[in-house]
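Source file: structure-v5.cif (mmCIF, C-alpha atoms)
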data_coords
loop_
_atom_site.group_PDB
_atom_site.id
_atom_site.type_symbol
_atom_site.label_atom_id
_atom_site.label_comp_id
_atom_site.auth_asym_id
_atom_site.auth_seq_id
_atom_site.Cartn_x
_atom_site.Cartn_y
_atom_site.Cartn_z
ATOM 1 C CA ASN Z 16 0.000 0.000 0.000
ATOM 2 C CA GLN Z 17 2.556 2.590 1.118
ATOM 3 C CA TYR Z 18 5.605 1.027 -0.510
ATOM 4 C CA GLY Z 19 4.257 -0.523 -3.692
ATOM 5 C CA ASP Z 20 6.679 1.642 -5.648
ATOM 6 C CA VAL Z 21 9.588 0.147 -3.689
ATOM 7 C CA VAL Z 22 8.429 -3.401 -4.431
ATOM 8 C CA ARG Z 23 7.964 -2.494 -8.111
ATOM 9 C CA CYS Z 24 11.554 -1.216 -8.225
ATOM 10 C CA GLY Z 25 12.690 -4.623 -7.062
ATOM 11 C CA VAL Z 26 11.551 -6.181 -10.346
ATOM 12 C CA ALA Z 27 12.360 -3.250 -12.634
ATOM 13 C CA SER Z 28 14.484 -4.086 -15.663
ATOM 14 C CA ALA Z 29 14.355 -3.549 -19.410
ATOM 15 C CA GLY Z 30 13.612 -7.225 -20.009
ATOM 16 C CA ASN Z 31 10.919 -7.522 -17.354
ATOM 17 C CA ASP Z 32 9.102 -4.504 -18.797
ATOM 18 C CA HIS Z 33 8.225 -6.717 -21.783
ATOM 19 C CA ARG Z 34 6.903 -9.461 -19.513
ATOM 20 C CA LEU Z 35 4.805 -7.719 -16.860
ATOM 21 C CA GLY Z 36 1.147 -7.861 -17.812
ATOM 22 C CA ALA Z 37 1.646 -10.656 -20.364
ATOM 23 C CA GLN Z 38 3.141 -14.124 -20.834
ATOM 24 C CA GLU Z 39 1.447 -15.390 -17.657
ATOM 25 C CA ALA Z 40 3.084 -12.605 -15.654
ATOM 26 C CA PRO Z 41 1.316 -10.168 -13.324
ATOM 27 C CA PRO Z 42 0.844 -6.526 -14.271
ATOM 28 C CA ALA Z 43 3.072 -3.700 -13.030
ATOM 29 C CA ILE Z 44 0.385 -2.712 -10.512
ATOM 30 C CA ILE Z 45 1.423 -4.085 -7.123
ATOM 31 C CA SER Z 46 -1.654 -5.674 -5.565
ATOM 32 C CA LEU Z 47 -2.488 -8.554 -3.261
ATOM 33 C CA TYR Z 48 -4.569 -11.549 -4.308
ATOM 34 C CA THR Z 49 -5.990 -13.174 -1.183
ATOM 35 C CA GLY Z 50 -8.619 -15.409 -2.712
ATOM 36 C CA VAL Z 51 -12.286 -14.957 -1.965
ATOM 37 C CA GLY Z 52 -12.175 -16.991 1.242
ATOM 38 C CA ALA Z 53 -9.370 -14.988 2.816
ATOM 39 C CA GLU Z 54 -10.905 -11.753 1.521
ATOM 40 C CA ALA Z 55 -14.192 -12.557 3.223
ATOM 41 C CA HIS Z 56 -12.336 -13.300 6.456
ATOM 42 C CA ILE Z 57 -10.429 -10.005 6.236
ATOM 43 C CA ASP Z 58 -13.661 -8.074 5.712
ATOM 44 C CA ALA Z 59 -15.210 -9.897 8.665
ATOM 45 C CA ILE Z 60 -12.292 -8.843 10.880
ATOM 46 C CA ILE Z 61 -12.626 -5.229 9.727
ATOM 47 C CA ALA Z 62 -16.321 -5.423 10.604
ATOM 48 C CA GLY Z 63 -15.479 -6.553 14.142
ATOM 49 C CA GLY Z 64 -15.141 -10.321 13.804
ATOM 50 C CA PRO Z 65 -12.472 -12.512 15.443
ATOM 51 C CA LEU Z 66 -9.046 -13.129 13.984
ATOM 52 C CA GLU Z 67 -9.516 -16.888 14.224
ATOM 53 C CA GLY Z 68 -11.552 -18.959 11.817
ATOM 54 C CA TYR Z 69 -9.808 -18.829 8.471
ATOM 55 C CA GLY Z 70 -9.004 -22.259 7.137
ATOM 56 C CA ASP Z 71 -11.886 -24.049 8.804
ATOM 57 C CA ASP Z 72 -13.022 -25.114 5.341
ATOM 58 C CA ASP Z 73 -9.699 -26.703 4.403
ATOM 59 C CA ARG Z 74 -10.040 -29.563 1.966
ATOM 60 C CA GLU Z 75 -8.151 -32.719 1.064
ATOM 61 C CA ILE Z 76 -6.734 -33.487 -2.367
ATOM 62 C CA SER Z 77 -6.087 -37.081 -3.325
ATOM 63 C CA THR Z 78 -2.675 -37.793 -4.808
ATOM 64 C CA GLY Z 79 -4.037 -40.750 -6.727
ATOM 65 C CA ALA Z 80 -1.389 -43.015 -5.242
ATOM 66 C CA ASP Z 81 -2.331 -45.824 -2.860
ATOM 67 C CA SER Z 82 0.910 -45.433 -0.921
ATOM 68 C CA VAL Z 83 0.563 -41.648 -0.417
ATOM 69 C CA GLY Z 84 -2.122 -40.142 1.760
ATOM 70 C CA PRO Z 85 -4.273 -37.127 0.831
ATOM 71 C CA VAL Z 86 -2.845 -33.618 1.055
ATOM 72 C CA ASN Z 87 -4.528 -30.942 3.148
ATOM 73 C CA THR Z 88 -4.936 -27.667 1.267
ATOM 74 C CA ARG Z 89 -6.742 -24.361 1.418
ATOM 75 C CA GLY Z 90 -9.431 -23.366 -0.996
ATOM 76 C CA GLU Z 91 -7.480 -20.518 -2.625
ATOM 77 C CA ASP Z 92 -5.944 -20.851 -6.071
ATOM 78 C CA ARG Z 93 -2.700 -19.473 -7.503
ATOM 79 C CA ASN Z 94 -3.776 -16.413 -9.430
ATOM 80 C CA ARG Z 95 -1.255 -15.981 -12.231
ATOM 81 C CA THR Z 96 -2.404 -12.427 -12.876
ATOM 82 C CA ALA Z 97 -1.449 -11.117 -9.414
ATOM 83 C CA PRO Z 98 1.991 -9.959 -8.202
ATOM 84 C CA PHE Z 99 1.282 -11.339 -4.711
ATOM 85 C CA PRO Z 100 -1.111 -14.305 -4.755
ATOM 86 C CA PHE Z 101 -1.988 -16.018 -1.478
ATOM 87 C CA CYS Z 102 -1.796 -19.789 -1.839
ATOM 88 C CA GLY Z 103 -3.475 -20.905 1.362
ATOM 89 C CA ASN Z 104 -0.406 -21.006 3.583
ATOM 90 C CA ARG Z 105 2.008 -18.589 1.909
ATOM 91 C CA PHE Z 106 2.312 -15.622 -0.430
ATOM 92 C CA GLU Z 107 4.212 -15.808 -3.704
ATOM 93 C CA PHE Z 108 5.958 -12.860 -5.337
ATOM 94 C CA ARG Z 109 5.421 -13.606 -9.004
ATOM 95 C CA ALA Z 110 6.689 -10.402 -10.626
ATOM 96 C CA CYS Z 111 10.414 -11.240 -10.654
ATOM 97 C CA GLY Z 112 12.085 -11.593 -14.034
ATOM 98 C CA SER Z 113 13.758 -14.869 -14.962
ATOM 99 C CA SER Z 114 17.197 -13.259 -15.292
ATOM 100 C CA GLN Z 115 17.049 -11.595 -11.882
ATOM 101 C CA ASN Z 116 18.957 -12.524 -8.783
ATOM 102 C CA ILE Z 117 16.284 -12.848 -6.098
ATOM 103 C CA ALA Z 118 18.386 -11.030 -3.477
ATOM 104 C CA PHE Z 119 17.434 -7.462 -4.394
ATOM 105 C CA PRO Z 120 13.666 -8.020 -4.859
ATOM 106 C CA LEU Z 121 13.570 -10.035 -1.631
ATOM 107 C CA ALA Z 122 15.444 -7.317 0.261
ATOM 108 C CA LEU Z 123 12.888 -4.730 -0.807
ATOM 109 C CA VAL Z 124 9.895 -6.967 -0.027
ATOM 110 C CA ASN Z 125 11.316 -7.758 3.411
ATOM 111 C CA THR Z 126 11.965 -4.061 4.065
ATOM 112 C CA ALA Z 127 8.364 -3.173 3.255
ATOM 113 C CA MET Z 128 7.199 -6.124 5.373
ATOM 114 C CA ALA Z 129 9.319 -4.934 8.299
ATOM 115 C CA ALA Z 130 7.769 -1.479 8.025
ATOM 116 C CA GLY Z 131 4.316 -3.053 8.158
ATOM 117 C CA CYS Z 132 5.214 -5.117 11.235
ATOM 118 C CA LYS Z 133 6.554 -2.001 12.917
ATOM 119 C CA ALA Z 134 3.312 -0.137 12.204
ATOM 120 C CA LEU Z 135 1.314 -3.012 13.710
ATOM 121 C CA VAL Z 136 3.501 -3.127 16.838
ATOM 122 C CA GLU Z 137 3.108 0.620 17.301
ATOM 123 C CA LYS Z 138 -0.688 0.257 17.260
ATOM 124 C CA ILE Z 139 -0.561 -2.503 19.868
ATOM 125 C CA ASN Z 140 1.892 -0.554 22.035
ATOM 126 C CA SER Z 141 -0.434 2.449 21.907
ATOM 127 C CA GLY Z 142 -3.071 0.440 23.758
ATOM 128 C CA MET Z 143 -5.065 -1.226 20.983
ATOM 129 C CA SER Z 144 -5.904 -4.918 21.336
ATOM 130 C CA VAL Z 145 -4.243 -7.280 18.904
ATOM 131 C CA ARG Z 146 -7.567 -7.890 17.171
ATOM 132 C CA ASP Z 147 -8.317 -4.174 16.812
ATOM 133 C CA ALA Z 148 -4.780 -3.415 15.650
ATOM 134 C CA VAL Z 149 -4.934 -6.094 12.971
ATOM 135 C CA ALA Z 150 -8.404 -4.928 11.913
ATOM 136 C CA LYS Z 151 -7.139 -1.356 11.618
ATOM 137 C CA MET Z 152 -4.177 -2.483 9.517
ATOM 138 C CA PHE Z 153 -6.493 -4.395 7.197
ATOM 139 C CA GLU Z 154 -8.794 -1.389 6.920
ATOM 140 C CA GLU Z 155 -5.965 1.043 6.155
ATOM 141 C CA ASN Z 156 -4.537 -1.204 3.465
ATOM 142 C CA ARG Z 157 -7.695 -2.773 2.079
ATOM 143 C CA ARG Z 158 -7.335 -1.075 -1.313
ATOM 144 C CA VAL Z 159 -4.430 -3.321 -2.349
ATOM 145 C CA VAL Z 160 -6.567 -6.478 -2.181
ATOM 146 C CA PHE Z 161 -7.750 -7.379 -5.677
ATOM 147 C CA ASN Z 162 -9.114 -10.800 -6.532
ATOM 148 C CA GLY Z 163 -10.105 -10.131 -10.111
ATOM 149 C CA ASN Z 164 -8.377 -10.539 -13.457
ATOM 150 C CA GLY Z 165 -5.146 -8.546 -13.460
ATOM 151 C CA TYR Z 166 -4.945 -8.833 -17.269
ATOM 152 C CA SER Z 167 -8.266 -7.110 -17.836
ATOM 153 C CA ASP Z 168 -8.557 -3.631 -19.323
ATOM 154 C CA GLU Z 169 -10.737 -2.627 -16.398
ATOM 155 C CA TRP Z 170 -8.129 -3.292 -13.702
ATOM 156 C CA PRO Z 171 -5.764 -0.371 -14.500
ATOM 157 C CA VAL Z 172 -8.767 1.963 -14.431
ATOM 158 C CA GLU Z 173 -9.953 0.572 -11.107
ATOM 159 C CA ALA Z 174 -6.411 0.603 -9.706
ATOM 160 C CA GLU Z 175 -6.059 4.280 -10.547
ATOM 161 C CA ALA Z 176 -9.362 4.985 -8.814
ATOM 162 C CA ARG Z 177 -8.031 3.150 -5.757
ATOM 163 C CA GLY Z 178 -4.893 5.273 -5.797
ATOM 164 C CA LEU Z 179 -2.569 2.414 -6.740
ATOM 165 C CA LEU Z 180 0.437 3.136 -8.941
ATOM 166 C CA ASN Z 181 0.826 1.633 -12.399
ATOM 167 C CA LEU Z 182 4.550 2.029 -13.064
ATOM 168 C CA ARG Z 183 4.659 0.266 -16.404
ATOM 169 C CA ALA Z 184 8.260 1.053 -17.365
ATOM 170 C CA THR Z 185 11.511 0.774 -15.438
ATOM 171 C CA PRO Z 186 12.319 4.522 -15.518
ATOM 172 C CA ASP Z 187 8.866 5.253 -14.071
ATOM 173 C CA ALA Z 188 9.605 2.959 -11.132
ATOM 174 C CA VAL Z 189 13.231 3.944 -10.599
ATOM 175 C CA ASP Z 190 12.269 7.635 -10.594
ATOM 176 C CA ARG Z 191 10.501 6.965 -7.286
ATOM 177 C CA LEU Z 192 13.103 4.805 -5.571
ATOM 178 C CA ALA Z 193 14.880 7.757 -3.938
ATOM 179 C CA ASP Z 194 11.714 9.617 -2.914
ATOM 180 C CA ASP Z 195 11.954 11.048 0.585
ATOM 181 C CA LYS Z 196 9.565 8.462 2.063
ATOM 182 C CA ASN Z 197 11.585 5.608 0.592
ATOM 183 C CA LYS Z 198 14.938 6.963 1.707
ATOM 184 C CA ALA Z 199 13.444 7.326 5.190
ATOM 185 C CA LEU Z 200 12.179 3.718 5.026
ATOM 186 C CA PHE Z 201 15.550 2.249 4.079
ATOM 187 C CA ASP Z 202 17.392 4.415 6.580
ATOM 188 C CA GLU Z 203 15.051 3.541 9.455
ATOM 189 C CA MET Z 204 15.251 -0.173 8.684
ATOM 190 C CA LYS Z 205 19.053 0.011 8.405
ATOM 191 C CA VAL Z 206 19.020 -1.318 4.843
ATOM 192 C CA PHE Z 207 20.437 1.641 2.886
ATOM 193 C CA THR Z 208 21.583 5.074 3.940
ATOM 194 C CA PRO Z 209 19.987 7.901 1.929
ATOM 195 C CA GLU Z 210 23.196 8.164 -0.084
ATOM 196 C CA GLU Z 211 23.180 4.422 -0.783
ATOM 197 C CA THR Z 212 19.565 4.616 -1.956
ATOM 198 C CA GLU Z 213 20.501 7.376 -4.395
ATOM 199 C CA ALA Z 214 23.483 5.326 -5.575
ATOM 200 C CA ARG Z 215 21.279 2.285 -6.111
ATOM 201 C CA GLN Z 216 18.881 4.436 -8.130
ATOM 202 C CA GLU Z 217 21.698 5.633 -10.388
ATOM 203 C CA ILE Z 218 22.938 2.071 -10.880
ATOM 204 C CA MET Z 219 19.451 0.983 -11.929
ATOM 205 C CA TYR Z 220 19.267 3.817 -14.446
ATOM 206 C CA GLU Z 221 22.653 2.769 -15.855
ATOM 207 C CA GLN Z 222 21.557 -0.870 -16.102
ATOM 208 C CA TYR Z 223 18.460 0.152 -18.041
ATOM 209 C CA ILE Z 224 20.410 2.443 -20.360
ATOM 210 C CA SER Z 225 23.001 -0.258 -21.032
ATOM 211 C CA ALA Z 226 20.360 -2.882 -21.808
ATOM 212 C CA ILE Z 227 18.439 -0.675 -24.237
ATOM 213 C CA THR Z 228 21.477 0.741 -26.038
ATOM 214 C CA VAL Z 229 23.105 -2.696 -26.405
ATOM 215 C CA GLU Z 230 19.857 -4.106 -27.797
ATOM 216 C CA ALA Z 231 19.517 -1.161 -30.192
ATOM 217 C CA GLY Z 232 23.120 -1.505 -31.325
ATOM 218 C CA THR Z 233 22.642 -5.223 -31.914
ATOM 219 C CA MET Z 234 19.504 -4.505 -33.884
ATOM 220 C CA LEU Z 235 21.371 -2.050 -36.102
ATOM 221 C CA GLU Z 236 24.109 -4.597 -36.748
ATOM 222 C CA MET Z 237 21.534 -7.221 -37.695
ATOM 223 C CA MET Z 238 19.941 -4.793 -40.134
ATOM 224 C CA GLU Z 239 23.165 -3.568 -41.702
ATOM 225 C CA THR Z 240 24.890 -6.940 -42.044
ATOM 226 C CA GLY Z 241 21.900 -9.223 -42.475
ATOM 227 C CA ILE Z 242 18.502 -7.849 -43.415
ATOM 228 C CA ILE Z 243 19.411 -4.983 -45.768
ATOM 229 C CA PRO Z 244 21.939 -7.037 -47.819
ATOM 230 C CA ALA Z 245 19.359 -9.829 -48.013
ATOM 231 C CA ALA Z 246 16.754 -7.333 -49.216
ATOM 232 C CA ALA Z 247 19.090 -6.171 -51.993
ATOM 233 C CA GLN Z 248 19.755 -9.790 -52.981
ATOM 234 C CA ASP Z 249 16.036 -10.539 -53.044
ATOM 235 C CA LEU Z 250 15.245 -7.479 -55.164
ATOM 236 C CA ALA Z 251 17.896 -8.451 -57.692
ATOM 237 C CA LYS Z 252 15.860 -11.557 -58.495
ATOM 238 C CA TYR Z 253 13.075 -9.359 -59.868
ATOM 239 C CA ALA Z 254 15.224 -7.084 -62.013
ATOM 240 C CA GLY Z 255 13.604 -6.451 -65.374
ATOM 241 C CA SER Z 256 10.197 -7.734 -64.289
ATOM 242 C CA SER Z 257 7.099 -6.346 -62.624
ATOM 243 C CA LEU Z 258 6.885 -9.179 -60.096
ATOM 244 C CA ALA Z 259 8.578 -7.341 -57.237
ATOM 245 C CA GLY Z 260 5.268 -5.825 -56.142
ATOM 246 C CA ASN Z 261 5.636 -3.675 -53.027
ATOM 247 C CA ARG Z 262 8.992 -5.166 -52.064
ATOM 248 C CA PRO Z 263 10.995 -2.054 -52.998
ATOM 249 C CA ALA Z 264 8.852 0.104 -50.734
ATOM 250 C CA LEU Z 265 9.029 -2.399 -47.874
ATOM 251 C CA TYR Z 266 12.792 -2.756 -48.115
ATOM 252 C CA GLU Z 267 13.319 0.982 -48.407
ATOM 253 C CA ALA Z 268 11.237 1.402 -45.263
ATOM 254 C CA VAL Z 269 13.583 -0.989 -43.453
ATOM 255 C CA ALA Z 270 16.585 1.048 -44.573
ATOM 256 C CA ALA Z 271 14.919 4.317 -43.572
ATOM 257 C CA LYS Z 272 13.904 3.034 -40.126
ATOM 258 C CA THR Z 273 17.416 1.657 -39.642
ATOM 259 C CA ALA Z 274 18.893 5.087 -40.349
ATOM 260 C CA ALA Z 275 16.357 6.682 -38.003
ATOM 261 C CA LEU Z 276 17.281 4.320 -35.168
ATOM 262 C CA GLU Z 277 20.970 4.981 -35.718
ATOM 263 C CA THR Z 278 20.336 8.725 -35.436
ATOM 264 C CA VAL Z 279 18.259 8.365 -32.270
ATOM 265 C CA LEU Z 280 20.772 6.030 -30.666
ATOM 266 C CA GLY Z 281 23.532 8.533 -31.311
ATOM 267 C CA ALA Z 282 21.526 11.221 -29.551
ATOM 268 C CA VAL Z 283 21.260 9.500 -26.148
ATOM 269 C CA PRO Z 284 22.214 12.217 -23.625
ATOM 270 C CA HIS Z 285 25.081 11.682 -21.204
ATOM 271 C CA ASP Z 286 24.511 14.490 -18.727
ATOM 272 C CA SER Z 287 21.967 12.713 -16.514
ATOM 273 C CA PRO Z 288 21.291 8.997 -15.911
ATOM 274 C CA ALA Z 289 17.619 9.751 -15.312
ATOM 275 C CA GLY Z 290 17.413 11.800 -18.502
ATOM 276 C CA ALA Z 291 19.223 9.166 -20.540
ATOM 277 C CA ALA Z 292 16.950 6.413 -19.223
ATOM 278 C CA ARG Z 293 13.892 8.488 -20.061
ATOM 279 C CA PHE Z 294 15.277 9.139 -23.562
ATOM 280 C CA CYS Z 295 15.809 5.414 -24.080
ATOM 281 C CA LEU Z 296 12.220 4.744 -23.038
ATOM 282 C CA GLU Z 297 10.557 7.516 -25.022
ATOM 283 C CA SER Z 298 12.811 7.745 -28.111
ATOM 284 C CA VAL Z 299 15.071 4.716 -28.588
ATOM 285 C CA LYS Z 300 12.489 2.025 -27.817
ATOM 286 C CA PRO Z 301 9.818 3.532 -30.128
ATOM 287 C CA ALA Z 302 12.414 3.722 -32.930
ATOM 288 C CA MET Z 303 13.249 0.058 -32.324
ATOM 289 C CA ASP Z 304 9.562 -0.856 -32.400
ATOM 290 C CA GLU Z 305 9.085 0.957 -35.719
ATOM 291 C CA LEU Z 306 12.083 -0.821 -37.229
ATOM 292 C CA ARG Z 307 10.808 -4.162 -35.950
ATOM 293 C CA GLU Z 308 7.433 -3.498 -37.586
ATOM 294 C CA ALA Z 309 9.065 -2.624 -40.909
ATOM 295 C CA CYS Z 310 11.283 -5.704 -40.734
ATOM 296 C CA ASP Z 311 8.335 -7.962 -39.948
ATOM 297 C CA ALA Z 312 6.542 -6.685 -43.045
ATOM 298 C CA ALA Z 313 9.657 -7.271 -45.178
ATOM 299 C CA GLU Z 314 10.131 -10.778 -43.812
ATOM 300 C CA LYS Z 315 6.745 -11.823 -45.166
ATOM 301 C CA LYS Z 316 7.832 -10.932 -48.709
ATOM 302 C CA MET Z 317 11.489 -11.960 -48.716
ATOM 303 C CA SER Z 318 12.567 -15.186 -50.392
ATOM 304 C CA ALA Z 319 13.242 -17.862 -47.792
ATOM 305 C CA ASP Z 320 16.702 -18.580 -49.211
ATOM 306 C CA CYS Z 321 17.646 -14.912 -48.770
ATOM 307 C CA TYR Z 322 16.367 -14.306 -45.252
ATOM 308 C CA PRO Z 323 19.473 -14.432 -43.030
ATOM 309 C CA TYR Z 324 17.966 -15.451 -39.696
ATOM 310 C CA PRO Z 325 15.772 -18.330 -38.495
ATOM 311 C CA THR Z 326 12.062 -17.590 -38.828
ATOM 312 C CA TYR Z 327 9.424 -18.647 -36.336
ATOM 313 C CA THR Z 328 8.554 -21.450 -38.749
ATOM 314 C CA ASP Z 329 12.162 -22.652 -38.664
ATOM 315 C CA ILE Z 330 12.287 -22.500 -34.886
ATOM 316 C CA LEU Z 331 8.908 -24.016 -34.093
ATOM 317 C CA LEU Z 332 8.092 -26.433 -36.890
ATOM 318 C CA THR Z 333 11.104 -27.764 -38.772
ATOM 319 C CA HIS Z 334 12.023 -30.275 -36.068
ATOM 320 C CA HIS Z 335 8.694 -31.978 -36.790
ATOM 321 C CA THR Z 336 9.509 -32.574 -40.450
ATOM 322 C CA GLU Z 337 13.268 -32.840 -40.823
ATOM 323 C CA GLN Z 338 14.939 -36.224 -40.545
ATOM 324 C CA ALA Z 339 16.625 -36.679 -37.163
ATOM 325 C CA PRO Z 340 20.382 -37.355 -37.242
ATOM 326 C CA ALA Z 341 21.248 -41.058 -37.278
ATOM 327 C CA GLU Z 342 23.022 -40.877 -33.933
ATOM 328 C CA TYR Z 343 19.742 -39.892 -32.277
#

Serialized structure, structure tokens:
Amino acid sequence: NQYGDVVRCGVASAGNDHRLGAQEAPPAIISLYTGVGAEAHIDAIIAGGPLEGYGDDDREISTGADSVGPVNTRGEDRNRTAPFPFCGNRFEFRACGSSQNIAFPLALVNTAMAAGCKALVEKINSGMSVRDAVAKMFEENRRVVFNGNGYSDEWPVEAEARGLLNLRATPDAVDRLADDKNKALFDEMKVFTPEETEARQEIMYEQYISAITVEAGTMLEMMETGIIPAAAQDLAKYAGSSLAGNRPALYEAVAAKTAALETVLGAVPHDSPAGAARFCLESVKPAMDELREACDAAEKKMSADCYPYPTYTDILLTHHTEQAPAEY
């Protein structure tokens, strides 16, 4: 609730920006999926009910094996569209990217958790009963509980109405890492000093800039040494005929978008990590997307023997039809 931006920073990277909200990954909105049973119990506590009682409707699942007994489980499911789904006896943090070391995301989650525990202890120490303190905590943070479809178009609209952040891109998240409230959090919990938080922010900007510029540079090399020469070779096959169709226009568009990306990449500023990261997000990535679109259109027209890289057909289907090597 208070530190969703911190948790989002823990999974912020150029690669994970492609994944969040798709490919069975949760969206960039940090919310909590409790399941309807736990949600009903939380609401009952807020309304004055006891803390005890959740899990009374536990069920057994048969393993199907005569030698293995049934497994006790809760009635909640694993919601793949939620960053934090509750699975009956634990929470999962499902927003981490596959290339990430878990240490940094876990450090930030644990820091936010420690802040929440501290807030609860302060309520109890002020004279509130444990039940009332827990109920108050649930009430104050109720807006983060969402048990719907995180992939839906309606959820970002509802999340905004709830006051939840939707930090879709890494620079958006990293911009907030060194906010005053977050520096105070890390300092109070003895995780980072304010200066270390600012240093971590700059490192994250640099990581993002490096990832985007390396990808853009690789893309340019693939165009200049692979796609554009292949396009020229393909066009030569139609010399003297009218069979080329719209290939010249498609291939010229690839060349033009390649030149545009090269220009944009050369204009990345070096005076500010935050400014450079923002430029990569708002200028370099759109130029890459436009070049990708032009290249996709050209690929559909280019002769298969000219295209220099494996196509999706090659990757996904050829192993079904080609003869396996004898040694296999």

query = Do you know which residues the PyMOL selection byres ((chain Z and resi 227) around 12) returns on this file, as a count of residues only?
reply = 35

Assuming the chain letters and numbering stay as they are in my file, what does the PyMOL selection byres ((chain Z and resi 128-137) around 12) actually select? List them as a PDB file with C-alpha atoms, in the coordinates of the input.
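Below is the file that was written, selection_13.pdb:
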ATOM      1  CA  ASN Z  16       0.000   0.000   0.000  1.00  0.00           C
ATOM      2  CA  GLN Z  17       2.556   2.590   1.118  1.00  0.00           C
ATOM      3  CA  TYR Z  18       5.605   1.027  -0.510  1.00  0.00           C
ATOM      4  CA  GLY Z  19       4.257  -0.523  -3.692  1.00  0.00           C
ATOM      5  CA  VAL Z  21       9.588   0.147  -3.689  1.00  0.00           C
ATOM      6  CA  VAL Z  22       8.429  -3.401  -4.431  1.00  0.00           C
ATOM      7  CA  LEU Z 121      13.570 -10.035  -1.631  1.00  0.00           C
ATOM      8  CA  ALA Z 122      15.444  -7.317   0.261  1.00  0.00           C
ATOM      9  CA  LEU Z 123      12.888  -4.730  -0.807  1.00  0.00           C
ATOM     10  CA  VAL Z 124       9.895  -6.967  -0.027  1.00  0.00           C
ATOM     11  CA  ASN Z 125      11.316  -7.758   3.411  1.00  0.00           C
ATOM     12  CA  THR Z 126      11.965  -4.061   4.065  1.00  0.00           C
ATOM     13  CA  ALA Z 127       8.364  -3.173   3.255  1.00  0.00           C
ATOM     14  CA  LYS Z 138      -0.688   0.257  17.260  1.00  0.00           C
ATOM     15  CA  ILE Z 139      -0.561  -2.503  19.868  1.00  0.00           C
ATOM     16  CA  ASN Z 140       1.892  -0.554  22.035  1.00  0.00           C
ATOM     17  CA  SER Z 141      -0.434   2.449  21.907  1.00  0.00           C
ATOM     18  CA  GLY Z 142      -3.071   0.440  23.758  1.00  0.00           C
ATOM     19  CA  MET Z 143      -5.065  -1.226  20.983  1.00  0.00           C
ATOM     20  CA  SER Z 144      -5.904  -4.918  21.336  1.00  0.00           C
ATOM     21  CA  VAL Z 145      -4.243  -7.280  18.904  1.00  0.00           C
ATOM     22  CA  ARG Z 146      -7.567  -7.890  17.171  1.00  0.00           C
ATOM     23  CA  ASP Z 147      -8.317  -4.174  16.812  1.00  0.00           C
ATOM     24  CA  ALA Z 148      -4.780  -3.415  15.650  1.00  0.00           C
ATOM     25  CA  VAL Z 149      -4.934  -6.094  12.971  1.00  0.00           C
ATOM     26  CA  ALA Z 150      -8.404  -4.928  11.913  1.00  0.00           C
ATOM     27  CA  LYS Z 151      -7.139  -1.356  11.618  1.00  0.00           C
ATOM     28  CA  MET Z 152      -4.177  -2.483   9.517  1.00  0.00           C
ATOM     29  CA  PHE Z 153      -6.493  -4.395   7.197  1.00  0.00           C
ATOM     30  CA  GLU Z 155      -5.965   1.043   6.155  1.00  0.00           C
ATOM     31  CA  ASN Z 156      -4.537  -1.204   3.465  1.00  0.00           C
ATOM     32  CA  LYS Z 196       9.565   8.462   2.063  1.00  0.00           C
ATOM     33  CA  ASN Z 197      11.585   5.608   0.592  1.00  0.00           C
ATOM     34  CA  ALA Z 199      13.444   7.326   5.190  1.00  0.00           C
ATOM     35  CA  LEU Z 200      12.179   3.718   5.026  1.00  0.00           C
ATOM     36  CA  PHE Z 201      15.550   2.249   4.079  1.00  0.00           C
ATOM     37  CA  ASP Z 202      17.392   4.415   6.580  1.00  0.00           C
ATOM     38  CA  GLU Z 203      15.051   3.541   9.455  1.00  0.00           C
ATOM     39  CA  MET Z 204      15.251  -0.173   8.684  1.00  0.00           C
ATOM     40  CA  LYS Z 205      19.053   0.011   8.405  1.00  0.00           C
ATOM     41  CA  VAL Z 206      19.020  -1.318   4.843  1.00  0.00           C
TER      42      VAL Z 206
END

inquiry  = Just the number, please: distance in Å from CA of Thr240 (chain Z) to CA of Gly260 (chain Z), one decimal.
reply    = 24.2 Å

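From CA of Asp320 (chain Z) back to CA of Thr333 (chain Z), the distance works out to 15.0 Å.
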
message = Which residues are near region 216-218 of chain Z? Cut-off 7 Å, only C-alpha atoms, ignore same chain within fewer than 2 positions. Put them as a ChimeraX atom specification.
response = /Z:189,192-193,212-214,220-222,288

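You can rank Z:Glu173, Z:Asp249, Z:Asp81, Z:Asp195 by their closest distance to Met317 (chain Z) using only C-alpha atoms, and at the top of that list sits Z:Asp249.
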
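Distance annotation: of Z:Lys252, Z:Arg105, Z:His285, Z:Lys315, the residue with the minimal separation from Leu265 (chain Z) is Z:Lys315; atom set is only C-alpha atoms.
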
Residue IDs satisfying the PyMOL selection byres ((chain Z and resi 55) around 12), as a VMD selection string = chain Z and resid 49 to 54 56 to 62 64 66 68 to 70 91 153 157 160 162

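Nearest-residue note for Glu308 (chain Z): choosing from Z:Thr273, Z:Asn31, Z:Ser287, Z:Ser113, the minimum distance belongs to Z:Thr273, counting all atoms listed in the file.
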
Residue list as a ChimeraX atom specification for point (13.4, 1.9, -48.4), cut-off 12 Å, only C-alpha atoms = /Z:243,246-247,250,261-275,306,309-310,313

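The residue that comes closest to Glu239 (chain Z), out of Z:Leu180, Z:Val159, Z:Leu276, Z:Ile117 and on the basis of only C-alpha atoms, is Z:Leu276.
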
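Of the residues under consideration (Z:Thr278, Z:Ala251, Z:Met237, Z:Ser257), Z:Met237 shows the shortest atom-to-atom contact distance to Arg307 (chain Z) when counting all atoms listed in the file.
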
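The residue that comes closest to Arg215 (chain Z), out of Z:Cys24, Z:Ile242, Z:Leu35, Z:Ala259 and on the basis of only C-alpha atoms, is Z:Cys24.
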
ask   = Is there a way to get, as a PyMOL selection string, all residues within 7 Å of the point (17.4, -6.0, -6.6) in file coordinates, counting all atoms listed in the file?
value = chain Z and resi 25-26+117-120
